[in-house]
Structure formats: C-alpha cells, structure tokens
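Everything below belongs to run_0.cif, which stores mmCIF, C-alpha atoms.
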```
data_start
loop_
_atom_site.group_PDB
_atom_site.id
_atom_site.type_symbol
_atom_site.label_atom_id
_atom_site.label_comp_id
_atom_site.auth_asym_id
_atom_site.auth_seq_id
_atom_site.Cartn_x
_atom_site.Cartn_y
_atom_site.Cartn_z
ATOM 1 C CA MET A 30 55.513 -18.310 -42.600
ATOM 2 C CA ASN A 31 59.157 -19.377 -42.917
ATOM 3 C CA LEU A 32 61.476 -20.698 -40.226
ATOM 4 C CA ASN A 33 63.054 -17.287 -39.505
ATOM 5 C CA ASP A 34 59.584 -15.828 -38.889
ATOM 6 C CA ILE A 35 58.795 -18.647 -36.467
ATOM 7 C CA TYR A 36 62.095 -18.059 -34.645
ATOM 8 C CA THR A 37 61.481 -14.294 -34.541
ATOM 9 C CA GLU A 38 58.025 -14.898 -33.082
ATOM 10 C CA LEU A 39 59.470 -17.315 -30.483
ATOM 11 C CA ILE A 40 62.093 -14.754 -29.435
ATOM 12 C CA LEU A 41 59.509 -11.981 -29.104
ATOM 13 C CA GLU A 42 57.144 -14.229 -27.166
ATOM 14 C CA GLN A 43 59.885 -15.395 -24.793
ATOM 15 C CA SER A 44 61.160 -11.848 -24.230
ATOM 16 C CA ARG A 45 57.721 -10.926 -22.866
ATOM 17 C CA ASN A 46 57.295 -14.118 -20.855
ATOM 18 C CA LYS A 47 57.401 -13.402 -17.119
ATOM 19 C CA ARG A 48 57.390 -17.046 -15.971
ATOM 20 C CA ASN A 49 61.175 -17.209 -15.522
ATOM 21 C CA ARG A 50 61.603 -13.540 -14.607
ATOM 22 C CA ARG A 51 61.335 -13.605 -10.817
ATOM 23 C CA HIS A 52 63.386 -13.984 -7.673
ATOM 24 C CA LEU A 53 63.997 -17.588 -6.714
ATOM 25 C CA GLU A 54 63.142 -18.721 -3.249
ATOM 26 C CA ASN A 55 66.293 -19.959 -1.471
ATOM 27 C CA PRO A 56 68.764 -19.829 -4.389
ATOM 28 C CA THR A 57 72.038 -21.650 -3.816
ATOM 29 C CA HIS A 58 73.811 -19.681 -6.557
ATOM 30 C CA VAL A 59 73.443 -16.108 -7.790
ATOM 31 C CA GLU A 60 75.501 -14.571 -10.593
ATOM 32 C CA LEU A 61 75.357 -11.153 -12.238
ATOM 33 C CA GLY A 62 75.795 -11.028 -15.994
ATOM 34 C CA HIS A 63 76.418 -7.668 -17.619
ATOM 35 C CA ASN A 64 76.979 -6.568 -21.195
ATOM 36 C CA PRO A 65 78.676 -3.153 -20.980
ATOM 37 C CA SER A 66 78.406 -2.542 -24.741
ATOM 38 C CA CYS A 67 74.593 -2.315 -24.648
ATOM 39 C CA GLY A 68 73.622 -2.185 -20.971
ATOM 40 C CA ASP A 69 71.901 -5.574 -20.757
ATOM 41 C CA GLU A 70 72.123 -6.890 -17.224
ATOM 42 C CA ILE A 71 70.751 -10.076 -15.707
ATOM 43 C CA THR A 72 71.001 -11.730 -12.333
ATOM 44 C CA LEU A 73 70.775 -15.479 -12.754
ATOM 45 C CA GLU A 74 69.593 -17.474 -9.742
ATOM 46 C CA LEU A 75 69.845 -21.254 -9.414
ATOM 47 C CA ARG A 76 68.793 -23.721 -6.776
ATOM 48 C CA VAL A 77 71.116 -26.694 -7.077
ATOM 49 C CA LYS A 78 70.933 -29.842 -5.022
ATOM 50 C CA GLU A 79 73.303 -32.761 -5.476
ATOM 51 C CA GLU A 80 74.583 -31.185 -8.698
ATOM 52 C CA LYS A 81 71.090 -31.014 -10.216
ATOM 53 C CA ILE A 82 69.433 -27.725 -11.160
ATOM 54 C CA GLU A 83 66.116 -27.919 -9.310
ATOM 55 C CA ASP A 84 64.972 -24.438 -10.308
ATOM 56 C CA ALA A 85 66.276 -21.328 -12.035
ATOM 57 C CA SER A 86 65.123 -17.775 -12.606
ATOM 58 C CA TYR A 87 66.411 -14.342 -13.474
ATOM 59 C CA THR A 88 65.819 -10.667 -12.963
ATOM 60 C CA GLY A 89 67.226 -7.820 -14.968
ATOM 61 C CA ILE A 90 66.862 -5.473 -17.858
ATOM 62 C CA GLY A 91 67.825 -5.633 -21.480
ATOM 63 C CA CYS A 92 66.775 -6.002 -25.067
ATOM 64 C CA ALA A 93 64.336 -8.615 -26.341
ATOM 65 C CA ILE A 94 67.179 -10.872 -27.476
ATOM 66 C CA SER A 95 68.960 -11.041 -24.104
ATOM 67 C CA GLN A 96 65.700 -11.481 -22.195
ATOM 68 C CA ALA A 97 64.415 -14.187 -24.556
ATOM 69 C CA SER A 98 67.755 -15.995 -24.555
ATOM 70 C CA THR A 99 67.764 -16.005 -20.744
ATOM 71 C CA SER A 100 64.209 -17.319 -20.483
ATOM 72 C CA ILE A 101 64.788 -20.034 -23.093
ATOM 73 C CA MET A 102 68.062 -21.027 -21.405
ATOM 74 C CA ILE A 103 66.273 -21.427 -18.075
ATOM 75 C CA ASP A 104 63.610 -23.644 -19.665
ATOM 76 C CA THR A 105 66.391 -25.708 -21.250
ATOM 77 C CA ILE A 106 68.542 -26.244 -18.127
ATOM 78 C CA LYS A 107 65.906 -26.836 -15.424
ATOM 79 C CA GLY A 108 66.184 -30.377 -14.137
ATOM 80 C CA LEU A 109 69.600 -30.989 -15.685
ATOM 81 C CA ASP A 110 72.776 -31.766 -13.822
ATOM 82 C CA THR A 111 75.293 -28.941 -13.755
ATOM 83 C CA GLN A 112 77.744 -30.748 -16.055
ATOM 84 C CA LYS A 113 75.084 -31.091 -18.792
ATOM 85 C CA ALA A 114 74.100 -27.419 -18.332
ATOM 86 C CA LEU A 115 77.766 -26.435 -18.758
ATOM 87 C CA GLU A 116 77.976 -28.593 -21.890
ATOM 88 C CA LEU A 117 74.877 -26.843 -23.317
ATOM 89 C CA SER A 118 76.359 -23.420 -22.496
ATOM 90 C CA ASN A 119 79.494 -24.255 -24.432
ATOM 91 C CA LYS A 120 77.417 -25.644 -27.302
ATOM 92 C CA PHE A 121 75.169 -22.558 -27.479
ATOM 93 C CA ILE A 122 78.175 -20.221 -27.499
ATOM 94 C CA ALA A 123 79.859 -22.287 -30.234
ATOM 95 C CA MET A 124 76.612 -22.307 -32.274
ATOM 96 C CA VAL A 125 76.255 -18.519 -32.100
ATOM 97 C CA LYS A 126 79.906 -18.097 -33.084
ATOM 98 C CA GLY A 127 79.270 -20.310 -36.119
ATOM 99 C CA GLU A 128 81.545 -23.115 -34.872
ATOM 100 C CA ILE A 129 78.739 -25.716 -34.858
ATOM 101 C CA SER A 130 75.999 -25.817 -37.466
ATOM 102 C CA ASP A 131 75.055 -29.504 -37.713
ATOM 103 C CA GLU A 132 71.386 -29.742 -36.707
ATOM 104 C CA ALA A 133 71.936 -33.145 -35.060
ATOM 105 C CA ASP A 134 74.653 -31.663 -32.824
ATOM 106 C CA LEU A 135 72.342 -28.820 -31.803
ATOM 107 C CA GLU A 136 69.183 -30.820 -31.021
ATOM 108 C CA ASP A 137 69.657 -30.809 -27.250
ATOM 109 C CA LEU A 138 69.610 -26.990 -27.251
ATOM 110 C CA GLU A 139 65.854 -27.277 -27.887
ATOM 111 C CA ASP A 140 64.263 -23.830 -28.455
ATOM 112 C CA ALA A 141 67.627 -22.108 -28.001
ATOM 113 C CA ILE A 142 68.434 -23.189 -31.565
ATOM 114 C CA ALA A 143 66.259 -20.207 -32.568
ATOM 115 C CA PHE A 144 69.350 -18.047 -31.977
ATOM 116 C CA GLU A 145 71.496 -19.850 -34.548
ATOM 117 C CA SER A 146 71.072 -17.093 -37.163
ATOM 118 C CA ILE A 147 72.059 -14.354 -34.678
ATOM 119 C CA GLN A 148 75.630 -14.828 -35.942
ATOM 120 C CA ASN A 149 74.463 -12.831 -38.994
ATOM 121 C CA LEU A 150 73.888 -9.857 -36.662
ATOM 122 C CA PRO A 151 77.290 -9.447 -34.970
ATOM 123 C CA ALA A 152 76.125 -6.551 -32.786
ATOM 124 C CA ARG A 153 73.448 -8.815 -31.252
ATOM 125 C CA VAL A 154 75.619 -11.865 -30.537
ATOM 126 C CA LYS A 155 76.640 -10.513 -27.113
ATOM 127 C CA CYS A 156 72.953 -10.090 -26.230
ATOM 128 C CA ALA A 157 72.179 -13.723 -27.040
ATOM 129 C CA VAL A 158 75.200 -15.216 -25.254
ATOM 130 C CA LEU A 159 74.958 -13.104 -22.065
ATOM 131 C CA PRO A 160 72.932 -15.619 -20.007
ATOM 132 C CA TRP A 161 74.888 -18.599 -21.330
ATOM 133 C CA TYR A 162 78.231 -17.015 -20.386
ATOM 134 C CA THR A 163 76.761 -16.090 -16.990
ATOM 135 C CA LEU A 164 75.703 -19.707 -16.410
ATOM 136 C CA LYS A 165 79.062 -21.015 -17.649
ATOM 137 C CA GLU A 166 80.936 -18.664 -15.290
ATOM 138 C CA MET A 167 78.722 -19.690 -12.374
ATOM 139 C CA ILE A 168 79.211 -23.415 -12.940
ATOM 140 C CA GLU A 169 82.942 -23.222 -13.682
ATOM 141 C CA THR A 170 83.584 -21.044 -10.619
ATOM 142 C CA ASP A 171 81.619 -23.427 -8.432
ATOM 143 C CA ILE A 172 83.311 -26.508 -9.876
ATOM 144 C CA ASP A 173 86.629 -24.884 -8.957
ATOM 145 C CA LYS A 174 85.320 -24.247 -5.442
ATOM 146 C CA LYS A 175 83.638 -27.686 -5.324
ATOM 147 C CA SER A 176 80.499 -26.007 -3.994
ATOM 148 C CA PHE A 177 77.924 -27.636 -6.248
ATOM 149 C CA SER A 178 77.526 -30.512 -3.806
ATOM 150 C CA VAL A 179 74.885 -28.637 -1.838
#
```

Let me see whether you can do it: turn the structure in this file into structure tokens.
Amino acid sequence: MNLNDIYTELILEQSRNKRNRRHLENPTHVELGHNPSCGDEITLELRVKEEKIEDASYTGIGCAISQASTSIMIDTIKGLDTQKALELSNKFIAMVKGEISDEADLEDLEDAIAFESIQNLPARVKCAVLPWYTLKEMIETDIDKKSFSV
C-alpha cells in the first residue's frame, strides 16, 4: 500500500465518521460555508472561550472530500487558540494551492496533509478548502468585531 492509498483510505474513513458531525451545545460561533459549484454545504459551529476553541462540530451535506476535510479540520483545531487555527487555515489553503510543499512546514496540519495531492484534481480543490475558508471567514470576521473574547 503506497502513501496515496493510505491518504485515500483516511479521507474515506473520515467522510463516514459521525463523531464531529453533530450540533454543538451552546456554540459561540456559527458560520455557513457553501460551495455553489458542487452544492457542498456545511455549518461550522465553534465554542470559543478566552480565544481558545473548546469544541467544534459541523452539520451539512456534500461529497466525501468536503466532509472528510471538515472532520479532519475539526480534529486539528480543537483546543487551539483562534490565532493558531487561523494560521492553520491559511497554511492548508496555501498547501492545496501548491504554494507550500515543504513537509516540515506542513507538519502542524497533522492528518490534513492527506489533502496535499488534491491540487492535482482542480475540480476537487474547492471541496477540500470549503471548511478551512469557512473557519478563516469566521475567525477574521470575529477578530474585526473583537468578539472572540467570550
């Protein structure tokens, strides 16, 4: 089994994983992410306290890639402060666009690195980045409003 097979298996497994697919009790932040080109739609929910992501979840519909990317992103950002989560969002987006490829630079993306080769499937890039752009929008909007100090 080569690395691409392992990544494919991880993506399929995560797309079926229901652990992160749920409504969050008492979310402090809710953001809708929608990909009009394919119909993928997620609602990302975060519970943030003192700029730390205590819990995160999502609901929605979409292809295996968008669902797996969302679930893996949630596993990656739980427990992080919002600034680090924003940094990881930017890094993931840059990785998928082919702007970062150094393994050492990508280490903190953890399992999300499985999406690195998605850049070879341009039609699927939007599916993979949907949750990361949704998170980025949520954090940047709230930084502007200064509302992350819950």

**Request:** Give the answer as one residue: which of A:Asn119, A:Asn55, A:Ser130, A:Gln148 has the shortest atom-to-atom distance to Glu166 (chain A), using only C-alpha atoms?
**Result:**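 The answer is A:Asn119, which sits nearest to Glu166 (chain A).
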
**Prompt:** Could you spell out the hits of the PyMOL selection byres ((chain A and resi 138) around 12) on the shown file, as a PyMOL selection string?
**Reply:** chain A and resi 98+101-106+113-125+129+132-137+139-145+161

**Shortest interatomic distance to Gln43 (chain A) - which of A:Met167, A:Ile147, A:Val158, A:Ala97, counting all atoms listed in the file** =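 The shortest atom-to-atom distance to Gln43 (chain A) comes from A:Ala97.
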
Centre and edge lengths of an axis-aligned box around all listed atoms of region 140-145 of chain A, with 3 Å added on each side, are to be given in Å to one decimal, as AutoDock Vina command-line options.
```
--center_x 67.9 --center_y -20.9 --center_z -31.3 --size_x 13.2 --size_y 11.8 --size_z 12.5
```

**Message:** Once the PyMOL selection byres ((chain A and resi 59-66) around 10) is applied to the coordinates I shared, what remains selected? I want it as a PyMOL selection string.
**Reply:** chain A and resi 53+56-58+67-76+85-91+95+152+155-156+158-164+166-168

How about completing region 40-61 of chain A with N, CA and C atoms and giving it to me as a short mmCIF file (atom, residue, chain, number, x, y, z; two decimals), keeping the file's coordinate frame?
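Final output, saved to selection.cif:
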```
data_model
loop_
_atom_site.label_atom_id
_atom_site.label_comp_id
_atom_site.auth_asym_id
_atom_site.auth_seq_id
_atom_site.Cartn_x
_atom_site.Cartn_y
_atom_site.Cartn_z
N ILE A 40 61.24 -15.67 -30.19
CA ILE A 40 62.09 -14.75 -29.44
C ILE A 40 61.26 -13.62 -28.84
N LEU A 41 60.37 -13.05 -29.63
CA LEU A 41 59.51 -11.98 -29.10
C LEU A 41 58.61 -12.49 -27.98
N GLU A 42 58.03 -13.65 -28.18
CA GLU A 42 57.14 -14.23 -27.17
C GLU A 42 57.91 -14.49 -25.87
N GLN A 43 59.09 -15.08 -25.98
CA GLN A 43 59.88 -15.40 -24.79
C GLN A 43 60.39 -14.13 -24.09
N SER A 44 60.65 -13.07 -24.85
CA SER A 44 61.16 -11.85 -24.23
C SER A 44 60.09 -11.20 -23.35
N ARG A 45 58.83 -11.48 -23.65
CA ARG A 45 57.72 -10.93 -22.87
C ARG A 45 57.26 -11.87 -21.76
N ASN A 46 57.73 -13.09 -21.80
CA ASN A 46 57.30 -14.12 -20.86
C ASN A 46 57.85 -13.82 -19.46
N LYS A 47 56.98 -13.75 -18.49
CA LYS A 47 57.40 -13.40 -17.12
C LYS A 47 57.62 -14.64 -16.23
N ARG A 48 57.32 -15.82 -16.76
CA ARG A 48 57.39 -17.05 -15.97
C ARG A 48 58.77 -17.26 -15.32
N ASN A 49 59.82 -17.00 -16.05
CA ASN A 49 61.18 -17.21 -15.52
C ASN A 49 61.78 -15.95 -14.93
N ARG A 50 61.09 -14.82 -15.11
CA ARG A 50 61.60 -13.54 -14.61
C ARG A 50 61.02 -13.31 -13.21
N ARG A 51 61.79 -13.70 -12.21
CA ARG A 51 61.34 -13.60 -10.82
C ARG A 51 62.52 -13.89 -9.92
N HIS A 52 62.37 -13.58 -8.64
CA HIS A 52 63.39 -13.98 -7.67
C HIS A 52 63.08 -15.41 -7.26
N LEU A 53 64.12 -16.19 -7.12
CA LEU A 53 64.00 -17.59 -6.71
C LEU A 53 63.99 -17.66 -5.19
N GLU A 54 63.15 -18.51 -4.69
CA GLU A 54 63.14 -18.72 -3.25
C GLU A 54 64.32 -19.63 -2.89
N ASN A 55 65.13 -19.20 -1.95
CA ASN A 55 66.29 -19.96 -1.47
C ASN A 55 67.26 -20.38 -2.59
N PRO A 56 67.78 -19.43 -3.37
CA PRO A 56 68.76 -19.83 -4.39
C PRO A 56 70.07 -20.27 -3.73
N THR A 57 70.73 -21.23 -4.32
CA THR A 57 72.04 -21.65 -3.82
C THR A 57 73.15 -20.91 -4.55
N HIS A 58 72.82 -20.36 -5.73
CA HIS A 58 73.81 -19.68 -6.56
C HIS A 58 73.18 -18.46 -7.22
N VAL A 59 73.90 -17.35 -7.17
CA VAL A 59 73.44 -16.11 -7.79
C VAL A 59 74.63 -15.51 -8.54
N GLU A 60 74.41 -15.12 -9.78
CA GLU A 60 75.50 -14.57 -10.59
C GLU A 60 74.97 -13.42 -11.43
N LEU A 61 75.70 -12.32 -11.43
CA LEU A 61 75.36 -11.15 -12.24
C LEU A 61 76.03 -11.28 -13.59
#
```
